[in-house]
Structures are given as structure tokens and as C-alpha cells.
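Enquirer: Right, I'll just put the structure down here and ask away after.
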Amino acid sequence: MRINKKIIAVVVMVLVLAMTVMPIGGQIASADTNKVYVGGCPIGLELQIDGVMIIGQANTLTENGSASLSANVENGDIIQTANGVAVKTVKDLQNAVKNADEKMLLQLGRGDDVIHTYIEVKREIPTNEKKIGLIVKDIIQGVGTLTFIRDDNTFGALGHPASIGKSKNVTRVKGGDTTNCLIIGVNKGQKGKCGELKGVFVNDEKMKGNVTTHNKFGVFGELEKGYVNPLYANPLEVASIGEVKIGKATILSTVDGKIPKEYDIEIIQKNNQTSPQDRGMVIRIVDEELLEKTGGIVQGMSGSPIIQNGKFVGAVTHVFVNDPTRGFGLFGAFMVQN
């Protein structure tokens with residue numbers, strides 16, 4: 001969904017920034033050293049799920065009272081077929097329910113597994129409509145941060161999978177769109193509670209593009225037009241993992257409006273990674289202005305590029321739920337390989 005630039009009507013939920021308390025450390029590995037333009041600006045994302053995702057279960061009022069109609073299903077499951085008919089959209093599932101009898105056979109994707117289960121079909125009171133007691137979605141929509149862009153306008157964002165709720169699996173998508181975004185507010189992070197940026201989609205030509213890849217390292221695609229960070233007009237070299245050092249660094253992030261700012265951080269730990277993995281480093285926010293505005297790392301900042309010694313070294317990905325001033329970062333050398 002997109003809105004007119006002059007109308008701020010819908011606050012879009014930021015894409016979930018994973019929360020963890022796991023410390024890391026270790027040695028280092030080598031990687032590529034090509035160049036990219038760094039981002040730091042907000043980007044609106046709408047990903048089309050390959051199937052229909054279950055995000056919740058509902059009790060449906062039937063002739064026998066309030067009854068849960070769900071079977072062997074879990075949040076994050078992808079409904080692939082219903083009574084043998086392919087389910088690609090929420091509308092497909094609704095049509096299958098209308099044509100079903102008392103039970104319907106679902107084929108579910110759960111990570112790498114395929115689950116078959118029967119689910120009850122009941123008529124809801126007072127609408128008399130058939131229901132199966134599941135809350136579902138066929139899109140993931142939210143706000144993240146652009147990490148980098150190349151000369152050919154291909155980009156990377158987020159640094160971690162886009163997700164709905166607490167699903168730990170990487171959701172398969174069949175494409176998606178990007179759009180410009182305006183940050184209109186911040187809920188500050190605090191111990192035990194992750195904060196978030198509040199943003200709205202803006203209907204203009206900036207950040208307009210397509211999503212082609214979604215994996216554990218983020219969202220990737222191609223913008224119709226290039227982006228130049230006002231603080232870094234020239235491309236930066238991607239640091240090899242061996243060049244990333246414990247110590248001072250900065251991040252580029254946008255916590256109000258559309259223009260990124262540079263904030264001071266420290267890289268306080270590195271992980272021993274010899275093949276592409278996430279959570280490569282632990283960072284700490286030390287910039288007083290950013291701490292005052294956000295309390296540290298908040299949802300929506302995921303993807304913020306990390307810069308050290310004039311090189312692109314990674315992206316902010318996770319926040320420690322018990323200490324919002326700290327979080328994980330992904331090595332840029334791994335992210336740009338996607």
C-alpha cells in the first residue's frame with residue numbers, strides 16, 4: 001500500500017528486528033573487497049509471500065459455541081494447497097473454504113518440511129459464513145533501512161530476513177516492491193522492550209523498485225533510480241572480514257524524516273566466521289544524540305550500514321532485548337555476495 005506524500009494516513013509496522021542476548025567472539029576470515037554506495041535511508045518494502053502464511057488462530061463463534069477450528073498448524077506455516085487446490089493468495093484460501101465440506105485437507109510448508117493436516121470447517125454466527133479459525137496474510141509489509149546500492153542500481157537492505165511475528169524460518173517470497181518512506185516517530189527502546197521507528201510509505205519515484213531475493217542476509221533487488229547518500233557521495237570499499245577491528249566505528253541511520261545521519265558506535269566483539277553467516281559482530285551505540293532519540297537500536301534500524309576506517313564493514317541486524325544499546329551486525333563482505 002502506498003499513500004500520497006501529503007497525506008500521512010497509515011503508520012506502517014516496521015519489519016521485525018530480531019531480539020537476542022547471545023554474545024559472540026572469535027577469529028576472522030577473508031572476503032571480497034569490491035565497492036558499493038552506502039545507504040542509511042528508510043525504505044518501504046512489500047513482499048509477496050509464496051503461498052499464504054498463518055500468523056494467528058482465532059476462536060470462531062459457531063452453533064455449538066466458541067470453538068477453535070485449528071488443527072496441526074503453527075504460526076509461520078505456509079498454506080500451499082487446500083483440498084488439493086494451489087493456494088497463492090488469501091482470496092484463493094477464502095474460495096477453498098467456501099467450497100469445502102466439514103473438513104479440509106491443508107498442505108503446509110514448515111521450514112523445509114511439508115505437513116498434511118485436516119482442519120474443521122464451521123459456519124460462523126451470525127454471518128453463517130464458513131470459517132477455519134486461522135488468521136493469514138499473503139504479504140509482508142513494513143519499513144527497513146537501505147544498506148547499500150551498486151552502480152547497476154541493485155541493492156541490499158535489512159541484513160536479516162523480513163518476518164511476521166515470531167517465525168524463525170526465512171519466508172519464501174515470489175517478489176515484491178520497494179517504495180520511498182518517511183520516518184514520523186520513534187518508540188524508544190528500553191531494557192526488556194524493543195523500541196521501533198514509525199514510518200509511512202510515500203508515493204513518489206524515490207526508492208521505487210523490485211525485490212528479487214529474500215534470504216537470511218536480507219532483502220535484495222533493483223531500484224529504478226540510483227541513490228546517493230548525502231554524507232558519502234562516492235562508493236566505499238567493502239572491508240574484508242580481517243580488516244574489521246574491535247574499536248570505534250559509525251552507523252548511518254535515519255530516525256526522523258528521510259535523511260540519514262552518522263552516529264558513533266563501538267565494535268566490541270567479532271565472531272569466527274569462515275563462511276557466510278549472520279551475527280558476525282557485536283556493536284554498542286555510544287552516540288549521545290542517538291541514545292537520547294531511540295535508547296539505542298530499535299526496529300526499523302536494521303540494515304543501517306556500519307562504517308570503519310572509511311570502509312563499509314557491515315549492517316546492523318539485531319538488538320539485545322535486555323540492553324538496547326547493544327546488538328549484532330552482519331559482515332558487509334557476506335551481505336554483498338547475495
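Lettering and numbering for the C-alpha cells are positional, with chains as A, B, ... in the shown order, residues counted from 1 in each chain, and ligands counted from 1 in the shown order.
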Segment 45-146 of chain A near segment 189-199 of chain A within 12 Å: what's each residue's closest atom pair and its distance in Å to one decimal, counting only C-alpha atoms, ordered by chain then ascending residue number, as CSV?

Expert:
```
residue,atom,partner,partner_atom,distance
A:Leu45,CA,A:Gly199,CA,11.4
A:Gln141,CA,A:Gly199,CA,11.5
A:Gly142,CA,A:Gly199,CA,8.3
A:Val143,CA,A:Gly199,CA,6.5
A:Gly144,CA,A:Leu197,CA,9.1
A:Thr145,CA,A:Leu197,CA,10.6
```

Enquirer: Just N, CA and C atoms for this one: save the residues we selected as a compact mmCIF listing (two decimals), in the first residue's frame.

Expert:
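Contents of the output file part-v8.txt:
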```
# COMPACT_ATOMS: atom_id res chain seq x y z
N LEU A 45 8.97 -1.69 2.14
CA LEU A 45 9.04 -2.99 1.50
C LEU A 45 7.68 -3.68 1.54
N GLN A 141 4.67 -6.47 4.85
CA GLN A 141 4.78 -5.04 4.55
C GLN A 141 5.40 -4.32 5.74
N GLY A 142 6.37 -3.47 5.48
CA GLY A 142 6.97 -2.74 6.58
C GLY A 142 8.08 -1.82 6.13
N VAL A 143 8.80 -1.30 7.11
CA VAL A 143 9.85 -0.30 6.89
C VAL A 143 11.17 -0.84 7.39
N GLY A 144 12.19 -0.72 6.57
CA GLY A 144 13.54 -1.10 6.96
C GLY A 144 14.52 -0.03 6.54
N THR A 145 15.81 -0.38 6.50
CA THR A 145 16.85 0.57 6.11
C THR A 145 17.64 0.03 4.93
```

Enquirer: So that I can check the surroundings of Asp177 of chain A, please list as an NGL selection string every protein, DNA and RNA residue that reaches within 9 Å of it, counting only C-alpha atoms and ignoring chain neighbours fewer than 4 positions away.

Expert: :A and (44-48 or 208-211 or 221)

Enquirer: I'd like the interatomic distance between atom CA of Ala100 of chain A and atom CA of Thr127 of chain A, to a tenth of an Å.

Expert: 16.9 Å

Enquirer: Closest to Ile125 of chain A among A:Asn59, A:Glu102, A:Thr171, A:Lys270, using only C-alpha atoms?

Expert: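 Residue with the minimum atom-to-atom distance to Ile125 of chain A: A:Asn59.
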
Enquirer: Can you pull out every residue within 10 Å of Leu223 of chain A, counting only C-alpha atoms, but drop anything in the same chain fewer than 4 positions away, and send it as JSON, numbers by chain?

Expert: {"A": [149, 150, 152, 153, 154, 155, 177, 178, 179, 205, 206, 207, 208, 209, 210, 211, 227]}

Enquirer: Would you list the contacts of Thr254 of chain A as an MDAnalysis selection string, taking every protein, DNA or RNA residue within 12 Å and counting only C-alpha atoms, but skipping same-chain residues closer than 6 positions in sequence?

Expert: chainID A and resid 39:43 143:147 181:186 197:199 229 260:263 290 293:294 297:305

Enquirer: List the neighbours of Ile135 of chain A out to 10 Å using only C-alpha atoms; skip same-chain residues closer than 2 positions along the sequence, and give me the result as a list in words.

Expert: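 Result of the neighbour search: Val52, Met53, Ile54, Ile55, Gly56, Gln57, Ala58, Asn75, Val90, Ile132, Gly133 and Lys137 of chain A.
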
Enquirer: Given the choices A:Val85, A:Ala233, A:Ile306, A:Ile78, which gets closest to Leu108 of chain A if the distance is worked out from only C-alpha atoms?

Expert: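 Residue with the minimum atom-to-atom distance to Leu108 of chain A: A:Ile78.
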
Enquirer: So which residues of segment 83-149 of chain A fall under strand (DSSP E or B) by DSSP, listed as a PDB file with N, CA and C atoms, in the first residue's frame?

Expert:
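Contents of states_1.pdb, freshly written:
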```
ATOM      1  N   VAL A  85      -6.050 -27.938  -4.042  1.00  0.00           N
ATOM      2  CA  VAL A  85      -6.020 -26.757  -4.909  1.00  0.00           C
ATOM      3  C   VAL A  85      -4.911 -25.804  -4.437  1.00  0.00           C
ATOM      4  N   ALA A  86      -4.088 -25.322  -5.349  1.00  0.00           N
ATOM      5  CA  ALA A  86      -2.987 -24.422  -5.004  1.00  0.00           C
ATOM      6  C   ALA A  86      -3.504 -23.152  -4.348  1.00  0.00           C
ATOM      7  N   LYS A 103     -14.638 -30.794   6.663  1.00  0.00           N
ATOM      8  CA  LYS A 103     -13.203 -30.803   6.887  1.00  0.00           C
ATOM      9  C   LYS A 103     -12.487 -30.444   5.590  1.00  0.00           C
ATOM     10  N   MET A 104     -11.278 -29.887   5.749  1.00  0.00           N
ATOM     11  CA  MET A 104     -10.485 -29.521   4.579  1.00  0.00           C
ATOM     12  C   MET A 104      -9.044 -29.958   4.817  1.00  0.00           C
ATOM     13  N   LEU A 105      -8.430 -30.560   3.798  1.00  0.00           N
ATOM     14  CA  LEU A 105      -7.049 -31.014   3.891  1.00  0.00           C
ATOM     15  C   LEU A 105      -6.107 -29.887   3.479  1.00  0.00           C
ATOM     16  N   LEU A 106      -5.215 -29.520   4.399  1.00  0.00           N
ATOM     17  CA  LEU A 106      -4.229 -28.473   4.125  1.00  0.00           C
ATOM     18  C   LEU A 106      -2.856 -29.103   3.929  1.00  0.00           C
ATOM     19  N   GLN A 107      -2.137 -28.600   2.941  1.00  0.00           N
ATOM     20  CA  GLN A 107      -0.712 -28.904   2.815  1.00  0.00           C
ATOM     21  C   GLN A 107       0.060 -27.674   3.249  1.00  0.00           C
ATOM     22  N   LEU A 108       0.921 -27.842   4.267  1.00  0.00           N
ATOM     23  CA  LEU A 108       1.630 -26.725   4.868  1.00  0.00           C
ATOM     24  C   LEU A 108       3.131 -26.851   4.645  1.00  0.00           C
ATOM     25  N   GLY A 109       3.776 -25.730   4.400  1.00  0.00           N
ATOM     26  CA  GLY A 109       5.229 -25.669   4.404  1.00  0.00           C
ATOM     27  C   GLY A 109       5.686 -25.148   5.758  1.00  0.00           C
ATOM     28  N   ARG A 110       6.514 -25.935   6.447  1.00  0.00           N
ATOM     29  CA  ARG A 110       7.046 -25.526   7.757  1.00  0.00           C
ATOM     30  C   ARG A 110       8.559 -25.667   7.709  1.00  0.00           C
ATOM     31  N   ASP A 113      10.092 -28.719   5.899  1.00  0.00           N
ATOM     32  CA  ASP A 113       9.159 -29.841   5.992  1.00  0.00           C
ATOM     33  C   ASP A 113       7.828 -29.525   5.319  1.00  0.00           C
ATOM     34  N   VAL A 114       7.141 -30.582   4.884  1.00  0.00           N
ATOM     35  CA  VAL A 114       5.788 -30.463   4.342  1.00  0.00           C
ATOM     36  C   VAL A 114       4.849 -31.228   5.270  1.00  0.00           C
ATOM     37  N   ILE A 115       3.815 -30.551   5.765  1.00  0.00           N
ATOM     38  CA  ILE A 115       2.871 -31.115   6.724  1.00  0.00           C
ATOM     39  C   ILE A 115       1.502 -31.225   6.063  1.00  0.00           C
ATOM     40  N   HIS A 116       0.821 -32.356   6.277  1.00  0.00           N
ATOM     41  CA  HIS A 116      -0.560 -32.515   5.823  1.00  0.00           C
ATOM     42  C   HIS A 116      -1.456 -32.659   7.048  1.00  0.00           C
ATOM     43  N   THR A 117      -2.497 -31.872   7.111  1.00  0.00           N
ATOM     44  CA  THR A 117      -3.399 -31.913   8.258  1.00  0.00           C
ATOM     45  C   THR A 117      -4.809 -31.538   7.840  1.00  0.00           C
ATOM     46  N   TYR A 118      -5.786 -32.144   8.490  1.00  0.00           N
ATOM     47  CA  TYR A 118      -7.185 -31.787   8.263  1.00  0.00           C
ATOM     48  C   TYR A 118      -7.597 -30.691   9.243  1.00  0.00           C
ATOM     49  N   ILE A 119      -8.434 -29.787   8.787  1.00  0.00           N
ATOM     50  CA  ILE A 119      -8.923 -28.700   9.631  1.00  0.00           C
ATOM     51  C   ILE A 119     -10.448 -28.622   9.509  1.00  0.00           C
ATOM     52  N   GLU A 120     -11.096 -28.325  10.620  1.00  0.00           N
ATOM     53  CA  GLU A 120     -12.556 -28.235  10.632  1.00  0.00           C
ATOM     54  C   GLU A 120     -13.042 -26.997   9.883  1.00  0.00           C
ATOM     55  N   LYS A 122     -16.432 -24.696   9.861  1.00  0.00           N
ATOM     56  CA  LYS A 122     -17.686 -24.434  10.573  1.00  0.00           C
ATOM     57  C   LYS A 122     -18.331 -23.156  10.049  1.00  0.00           C
ATOM     58  N   ARG A 123     -19.622 -23.036  10.301  1.00  0.00           N
ATOM     59  CA  ARG A 123     -20.331 -21.809   9.926  1.00  0.00           C
ATOM     60  C   ARG A 123     -20.366 -20.866  11.118  1.00  0.00           C
ATOM     61  N   LYS A 130     -18.608 -19.775   6.198  1.00  0.00           N
ATOM     62  CA  LYS A 130     -17.710 -20.851   6.577  1.00  0.00           C
ATOM     63  C   LYS A 130     -16.372 -20.282   7.061  1.00  0.00           C
ATOM     64  N   LYS A 131     -15.839 -20.842   8.153  1.00  0.00           N
ATOM     65  CA  LYS A 131     -14.590 -20.373   8.738  1.00  0.00           C
ATOM     66  C   LYS A 131     -13.715 -21.557   9.134  1.00  0.00           C
ATOM     67  N   LEU A 134      -8.358 -19.438  11.238  1.00  0.00           N
ATOM     68  CA  LEU A 134      -6.965 -19.037  11.056  1.00  0.00           C
ATOM     69  C   LEU A 134      -6.877 -17.582  10.610  1.00  0.00           C
ATOM     70  N   ILE A 135      -5.870 -16.891  11.115  1.00  0.00           N
ATOM     71  CA  ILE A 135      -5.548 -15.537  10.658  1.00  0.00           C
ATOM     72  C   ILE A 135      -4.364 -15.660   9.709  1.00  0.00           C
ATOM     73  N   VAL A 136      -4.504 -15.156   8.489  1.00  0.00           N
ATOM     74  CA  VAL A 136      -3.490 -15.381   7.456  1.00  0.00           C
ATOM     75  C   VAL A 136      -3.134 -14.075   6.732  1.00  0.00           C
ATOM     76  N   LYS A 137      -1.959 -14.102   6.082  1.00  0.00           N
ATOM     77  CA  LYS A 137      -1.515 -12.983   5.254  1.00  0.00           C
ATOM     78  C   LYS A 137      -0.814 -13.531   4.026  1.00  0.00           C
ATOM     79  N   ASP A 138      -0.853 -12.764   2.925  1.00  0.00           N
ATOM     80  CA  ASP A 138      -0.101 -13.148   1.740  1.00  0.00           C
ATOM     81  C   ASP A 138       0.945 -12.098   1.362  1.00  0.00           C
ATOM     82  N   ILE A 139       1.134 -11.084   2.206  1.00  0.00           N
ATOM     83  CA  ILE A 139       2.196 -10.104   2.001  1.00  0.00           C
ATOM     84  C   ILE A 139       2.878  -9.802   3.328  1.00  0.00           C
ATOM     85  N   ILE A 140       4.143  -9.390   3.252  1.00  0.00           N
ATOM     86  CA  ILE A 140       4.867  -8.818   4.385  1.00  0.00           C
ATOM     87  C   ILE A 140       5.125  -7.365   4.034  1.00  0.00           C
ATOM     88  N   GLN A 141       4.674  -6.470   4.854  1.00  0.00           N
ATOM     89  CA  GLN A 141       4.782  -5.040   4.551  1.00  0.00           C
ATOM     90  C   GLN A 141       5.397  -4.321   5.740  1.00  0.00           C
ATOM     91  N   GLY A 142       6.367  -3.473   5.475  1.00  0.00           N
ATOM     92  CA  GLY A 142       6.969  -2.738   6.575  1.00  0.00           C
ATOM     93  C   GLY A 142       8.082  -1.816   6.135  1.00  0.00           C
ATOM     94  N   VAL A 143       8.800  -1.297   7.106  1.00  0.00           N
ATOM     95  CA  VAL A 143       9.846  -0.298   6.892  1.00  0.00           C
ATOM     96  C   VAL A 143      11.172  -0.845   7.389  1.00  0.00           C
ATOM     97  N   GLY A 144      12.192  -0.719   6.569  1.00  0.00           N
ATOM     98  CA  GLY A 144      13.541  -1.102   6.959  1.00  0.00           C
ATOM     99  C   GLY A 144      14.523  -0.028   6.537  1.00  0.00           C
ATOM    100  N   THR A 145      15.811  -0.379   6.505  1.00  0.00           N
ATOM    101  CA  THR A 145      16.852   0.565   6.115  1.00  0.00           C
ATOM    102  C   THR A 145      17.638   0.025   4.932  1.00  0.00           C
ATOM    103  N   LEU A 146      17.827   0.861   3.929  1.00  0.00           N
ATOM    104  CA  LEU A 146      18.663   0.515   2.777  1.00  0.00           C
ATOM    105  C   LEU A 146      20.114   0.431   3.238  1.00  0.00           C
ATOM    106  N   THR A 147      20.777  -0.680   2.932  1.00  0.00           N
ATOM    107  CA  THR A 147      22.158  -0.874   3.368  1.00  0.00           C
ATOM    108  C   THR A 147      23.153  -0.399   2.323  1.00  0.00           C
ATOM    109  N   PHE A 148      23.007  -0.880   1.097  1.00  0.00           N
ATOM    110  CA  PHE A 148      23.950  -0.484   0.043  1.00  0.00           C
ATOM    111  C   PHE A 148      23.255  -0.540  -1.309  1.00  0.00           C
ATOM    112  N   ILE A 149      23.870   0.116  -2.288  1.00  0.00           N
ATOM    113  CA  ILE A 149      23.401   0.068  -3.676  1.00  0.00           C
ATOM    114  C   ILE A 149      24.617   0.112  -4.579  1.00  0.00           C
TER     115      ILE A 149
END
```

Enquirer: For a quick check of understanding, using only C-alpha atoms, which of A:Asn309, A:Ser70, A:Thr317, A:Asn128 has the smallest distance to Val282 of chain A?

Expert: A:Thr317

Enquirer: Looking at A:Leu231, A:Asp264, A:His214, A:Lys188, which one is nearest to Glu288 of chain A, with distances taken over only C-alpha atoms?

Expert: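 Using only C-alpha atoms, the shortest distance to Glu288 of chain A belongs to A:Asp264.
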
Enquirer: Excluding Leu93 of chain A and its own-chain neighbours fewer than 5 positions away, which residues fall within 9 Å of it when counting only C-alpha atoms? Please give them as a ChimeraX atom specification.

Expert: /A:52,79,81-82,86-88,98

Enquirer: Which residues come within 6 Å of Arg279 of chain A, counting only C-alpha atoms, excluding same-chain residues fewer than 5 positions away, as a list in words?

Expert: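 Once the nearby chain positions are removed, what remains is Phe328, Gly329 and Leu330 of chain A.
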
Enquirer: Next, dump the selected residues to file, keeping only C-alpha atoms, as an mmCIF file, in the first residue's frame.

Expert:
```cif
data_model
loop_
_atom_site.group_PDB
_atom_site.id
_atom_site.type_symbol
_atom_site.label_atom_id
_atom_site.label_comp_id
_atom_site.auth_asym_id
_atom_site.auth_seq_id
_atom_site.Cartn_x
_atom_site.Cartn_y
_atom_site.Cartn_z
ATOM 1 C CA PHE A 328 24.553 -7.767 16.353
ATOM 2 C CA GLY A 329 25.929 -6.778 12.995
ATOM 3 C CA LEU A 330 26.343 -8.750 9.761
#
```
